[in-house]
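Read the structure below first, then the notes.
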Amino acid sequence: LSFILGIVSGRYAYSIGDYTIQVFNYVMLAIPSFIAGVFAIYLFAFQFPIFPFQGSVNINLQEGSFAYYLSKLYHTILPALTLGLLSTAGYIPYLRNDIIDNANKDYVLTAKAKGLSMNKIYNKHILRNSLIPIMTFLGADIVRILGGAVITETIFSFNGIGKLFLESVTGQDYPLMMALTLFFSFLGLFGNLISDITYNFVDPRIRSN
């Protein structure tokens with residue numbers, strides 16, 4: 001979603017659509033995750049009972065069955081949407097500004113002079129160069145996503161790894177705390193590795209030997 005909104009906002013800069021996306025972006029930046037979680041539960045669990053308001057699975061289902069995993073997916077939708085919408089705010093302005101900046105570069109003028117269509121210029125040249133800084137955020141987001149979100153998991157009573165880490169700290173469970181810290185460190189290295197690998201696909205100029 002952030003890539004789509006960032007591309008639209010950058011390509012059609014200073015238009016009504018761009019200003020609308022910017023308003024959405026500032027709202028997502030301003031709302032804390034615990035406020036967004038409470039509003040999401042109030043709207044989509046109580047006013048419009050579409051999703052469950054707590055837990056990670058229906059306890060009446062047998063573990064390992066298809067309905068069990070379907071229930072886990074169903075319980076994940078609301079907290080995932082809450083975190084996902086808030087996370088878009090971190091990508092949209094960077095992608096938008098990079099697209100606007102790259103649209104004025106000399107290679108874009110050269111591509112226009114060669115008669116390339118604007119869709120091809122944006123999709124093949126401008127977008128590819130604008131994605132390079134975003135790849136850095138991708139590595140950090142892998143750590144954040146897999147590492148869990150303590151506040152959101154607590155609000156939704158979702159049994160995630162972030163909530164487990166908080167319980168290990170408050171309960172002074174040092175072996176579990178050290179194991180999770182080591183796991184988060186591994187995720188940091190893994191995220192940086194993913195970023196470096198992705199760089200090679202986005203920009204062949206920095207392809208490692």
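Identifiers in the structure tokens: chain A, B, ... in order shown; residue index from 1 per chain; ligand index from 1 in order shown.
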
List the spatial neighbours of segment 88-94 of chain A as a PDB file with N, CA and C atoms, in the first residue's frame - criterion: any atom at most 10 Å away, only C-alpha atoms, same-chain residues fewer than 4 positions off excluded.
```pdb
ATOM      1  N   LEU A   1       0.827  -1.202   0.000  1.00  0.00           N
ATOM      2  CA  LEU A   1       0.000   0.000   0.000  1.00  0.00           C
ATOM      3  C   LEU A   1       0.865   1.255   0.000  1.00  0.00           C
ATOM      4  N   SER A   2       1.932   1.256   0.785  1.00  0.00           N
ATOM      5  CA  SER A   2       2.806   2.430   0.844  1.00  0.00           C
ATOM      6  C   SER A   2       3.513   2.659  -0.483  1.00  0.00           C
ATOM      7  N   PHE A   3       3.893   1.577  -1.175  1.00  0.00           N
ATOM      8  CA  PHE A   3       4.533   1.742  -2.471  1.00  0.00           C
ATOM      9  C   PHE A   3       3.556   2.352  -3.474  1.00  0.00           C
ATOM     10  N   ILE A   4       2.325   1.871  -3.492  1.00  0.00           N
ATOM     11  CA  ILE A   4       1.331   2.394  -4.425  1.00  0.00           C
ATOM     12  C   ILE A   4       1.051   3.866  -4.148  1.00  0.00           C
ATOM     13  N   LEU A   5       0.822   4.198  -2.879  1.00  0.00           N
ATOM     14  CA  LEU A   5       0.533   5.589  -2.526  1.00  0.00           C
ATOM     15  C   LEU A   5       1.735   6.492  -2.772  1.00  0.00           C
ATOM     16  N   GLY A   6       2.938   5.993  -2.475  1.00  0.00           N
ATOM     17  CA  GLY A   6       4.140   6.798  -2.716  1.00  0.00           C
ATOM     18  C   GLY A   6       4.371   7.057  -4.189  1.00  0.00           C
ATOM     19  N   ILE A   7       4.123   6.052  -5.022  1.00  0.00           N
ATOM     20  CA  ILE A   7       4.310   6.214  -6.470  1.00  0.00           C
ATOM     21  C   ILE A   7       3.289   7.205  -7.027  1.00  0.00           C
ATOM     22  N   VAL A   8       2.025   7.050  -6.637  1.00  0.00           N
ATOM     23  CA  VAL A   8       0.986   7.969  -7.111  1.00  0.00           C
ATOM     24  C   VAL A   8       1.261   9.390  -6.638  1.00  0.00           C
ATOM     25  N   SER A   9       1.667   9.522  -5.371  1.00  0.00           N
ATOM     26  CA  SER A   9       1.932  10.846  -4.812  1.00  0.00           C
ATOM     27  C   SER A   9       3.126  11.504  -5.476  1.00  0.00           C
ATOM     28  N   GLY A  10       4.159  10.724  -5.800  1.00  0.00           N
ATOM     29  CA  GLY A  10       5.341  11.293  -6.439  1.00  0.00           C
ATOM     30  C   GLY A  10       5.144  11.613  -7.903  1.00  0.00           C
ATOM     31  N   ILE A  21      -3.230  12.051  -0.210  1.00  0.00           N
ATOM     32  CA  ILE A  21      -2.311  11.045   0.327  1.00  0.00           C
ATOM     33  C   ILE A  21      -1.454  11.641   1.438  1.00  0.00           C
ATOM     34  N   GLN A  22      -1.049  12.903   1.278  1.00  0.00           N
ATOM     35  CA  GLN A  22      -0.243  13.549   2.307  1.00  0.00           C
ATOM     36  C   GLN A  22      -1.024  13.724   3.604  1.00  0.00           C
ATOM     37  N   PHE A  24      -3.499  11.771   4.600  1.00  0.00           N
ATOM     38  CA  PHE A  24      -3.548  10.418   5.161  1.00  0.00           C
ATOM     39  C   PHE A  24      -2.224  10.067   5.834  1.00  0.00           C
ATOM     40  N   ASN A  25      -1.116  10.450   5.209  1.00  0.00           N
ATOM     41  CA  ASN A  25       0.200  10.133   5.746  1.00  0.00           C
ATOM     42  C   ASN A  25       0.447  10.836   7.076  1.00  0.00           C
ATOM     43  N   TYR A  26       0.081  12.104   7.159  1.00  0.00           N
ATOM     44  CA  TYR A  26       0.287  12.861   8.405  1.00  0.00           C
ATOM     45  C   TYR A  26      -0.601  12.328   9.530  1.00  0.00           C
ATOM     46  N   VAL A  27      -1.806  11.889   9.184  1.00  0.00           N
ATOM     47  CA  VAL A  27      -2.688  11.306  10.197  1.00  0.00           C
ATOM     48  C   VAL A  27      -2.081  10.019  10.743  1.00  0.00           C
ATOM     49  N   MET A  28      -1.547   9.178   9.857  1.00  0.00           N
ATOM     50  CA  MET A  28      -0.919   7.932  10.289  1.00  0.00           C
ATOM     51  C   MET A  28       0.330   8.197  11.133  1.00  0.00           C
ATOM     52  N   LEU A  29       1.046   9.272  10.813  1.00  0.00           N
ATOM     53  CA  LEU A  29       2.218   9.628  11.614  1.00  0.00           C
ATOM     54  C   LEU A  29       1.829  10.134  12.994  1.00  0.00           C
ATOM     55  N   ALA A  30       0.680  10.798  13.079  1.00  0.00           N
ATOM     56  CA  ALA A  30       0.288  11.441  14.331  1.00  0.00           C
ATOM     57  C   ALA A  30      -0.369  10.483  15.311  1.00  0.00           C
ATOM     58  N   LEU A  83      -1.173  -2.215  12.422  1.00  0.00           N
ATOM     59  CA  LEU A  83       0.269  -1.958  12.288  1.00  0.00           C
ATOM     60  C   LEU A  83       0.637  -1.581  10.862  1.00  0.00           C
ATOM     61  N   GLY A  84       0.003  -2.238   9.890  1.00  0.00           N
ATOM     62  CA  GLY A  84       0.360  -1.993   8.494  1.00  0.00           C
ATOM     63  C   GLY A  84       0.030  -0.581   8.044  1.00  0.00           C
ATOM     64  N   ASP A  98      11.772  11.073  -3.414  1.00  0.00           N
ATOM     65  CA  ASP A  98      12.775  10.521  -4.324  1.00  0.00           C
ATOM     66  C   ASP A  98      12.286  10.507  -5.761  1.00  0.00           C
ATOM     67  N   ILE A  99      11.010  10.189  -5.956  1.00  0.00           N
ATOM     68  CA  ILE A  99      10.449  10.185  -7.304  1.00  0.00           C
ATOM     69  C   ILE A  99      10.446  11.597  -7.882  1.00  0.00           C
ATOM     70  N   SER A 130      14.437   5.287  -7.335  1.00  0.00           N
ATOM     71  CA  SER A 130      13.817   5.793  -6.113  1.00  0.00           C
ATOM     72  C   SER A 130      13.668   4.717  -5.049  1.00  0.00           C
ATOM     73  N   LEU A 131      13.722   3.451  -5.440  1.00  0.00           N
ATOM     74  CA  LEU A 131      13.565   2.359  -4.479  1.00  0.00           C
ATOM     75  C   LEU A 131      14.825   2.100  -3.662  1.00  0.00           C
ATOM     76  N   PRO A 133      16.812   3.974  -1.608  1.00  0.00           N
ATOM     77  CA  PRO A 133      16.779   4.319  -0.171  1.00  0.00           C
ATOM     78  C   PRO A 133      15.736   3.533   0.613  1.00  0.00           C
ATOM     79  N   ILE A 134      14.659   3.104  -0.058  1.00  0.00           N
ATOM     80  CA  ILE A 134      13.595   2.393   0.630  1.00  0.00           C
ATOM     81  C   ILE A 134      14.079   1.027   1.098  1.00  0.00           C
ATOM     82  N   PHE A 137      15.040   0.818   4.724  1.00  0.00           N
ATOM     83  CA  PHE A 137      13.921   0.669   5.661  1.00  0.00           C
ATOM     84  C   PHE A 137      13.385  -0.749   5.662  1.00  0.00           C
ATOM     85  N   LEU A 138      13.469  -1.425   4.518  1.00  0.00           N
ATOM     86  CA  LEU A 138      12.966  -2.789   4.428  1.00  0.00           C
ATOM     87  C   LEU A 138      13.688  -3.708   5.413  1.00  0.00           C
TER      88      LEU A 138
END
```

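Residue neighbourhood of Ile41 of chain A, excluding near-sequence residues (fewer than 3 positions): Phe34, Ile35, Ala36, Gly37, Val38, Phe44, Ala45, Phe46, Gln47, Phe48, Pro49, Ile50, Phe51, Pro52, Phe53, Gln54, His75, Ile77, Leu78, Pro79, Leu81, Thr82, Thr152, Ile155, Phe156 and Ser157 of chain A, at 12 Å, using only C-alpha atoms.
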
Contact residues around segment 55-63 of chain A with only C-alpha atoms at 9 Å, ignoring same-chain residues under 6 positions, as a PyMOL selection string:
chain A and resi 69-76+156-160

Extract, using only C-alpha atoms, all DNA, RNA and protein residues at most 12 Å from segment 107-113 of chain A, discarding same-chain residues fewer than 3 positions from it, and format them as a JSON list (two decimals) with C-alpha atoms, in the first residue's frame.
```json
[["chain", "number", "residue", "atom", "x", "y", "z"],
["A", 99, "ILE", "CA", 10.45, 10.18, -7.30],
["A", 100, "ILE", "CA", 10.06, 13.97, -7.55],
["A", 101, "ASP", "CA", 13.82, 14.44, -7.27],
["A", 102, "ASN", "CA", 14.69, 11.75, -9.83],
["A", 103, "ALA", "CA", 12.09, 13.08, -12.27],
["A", 104, "ASN", "CA", 14.28, 16.16, -12.75],
["A", 116, "LEU", "CA", 10.15, 6.74, -24.38],
["A", 117, "SER", "CA", 6.65, 6.80, -22.94],
["A", 118, "MET", "CA", 6.11, 8.38, -19.53],
["A", 119, "ASN", "CA", 4.90, 5.07, -18.10],
["A", 120, "LYS", "CA", 8.14, 3.38, -19.14],
["A", 121, "ILE", "CA", 10.24, 6.27, -17.84],
["A", 122, "TYR", "CA", 8.56, 6.19, -14.44],
["A", 123, "ASN", "CA", 8.28, 2.43, -14.04],
["A", 124, "LYS", "CA", 11.68, 1.42, -15.39],
["A", 125, "HIS", "CA", 13.98, 4.35, -14.67],
["A", 126, "ILE", "CA", 12.62, 6.72, -12.02],
["A", 127, "LEU", "CA", 10.99, 4.12, -9.79],
["A", 129, "ASN", "CA", 16.33, 4.57, -8.69]]
```

Which value, in Å to one decimal, gives the distance between atom CA of Leu187 of chain A and atom CA of Ser87 of chain A?
18.5 Å

Would you return as a PyMOL selection string the members of segment 39-128 of chain A that DSSP assigns to alpha helix (DSSP H) on this structure's backbone?
chain A and resi 39-41+66-102+106-113+118-120+127-128

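Pairwise distance (atom CA of Tyr12 of chain A, atom CA of Asp141 of chain A) equals 27.0 Å.
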
State, in Å with one decimal place, the distance from atom CA of Phe184 of chain A to atom CA of Leu95 of chain A.
27.3 Å
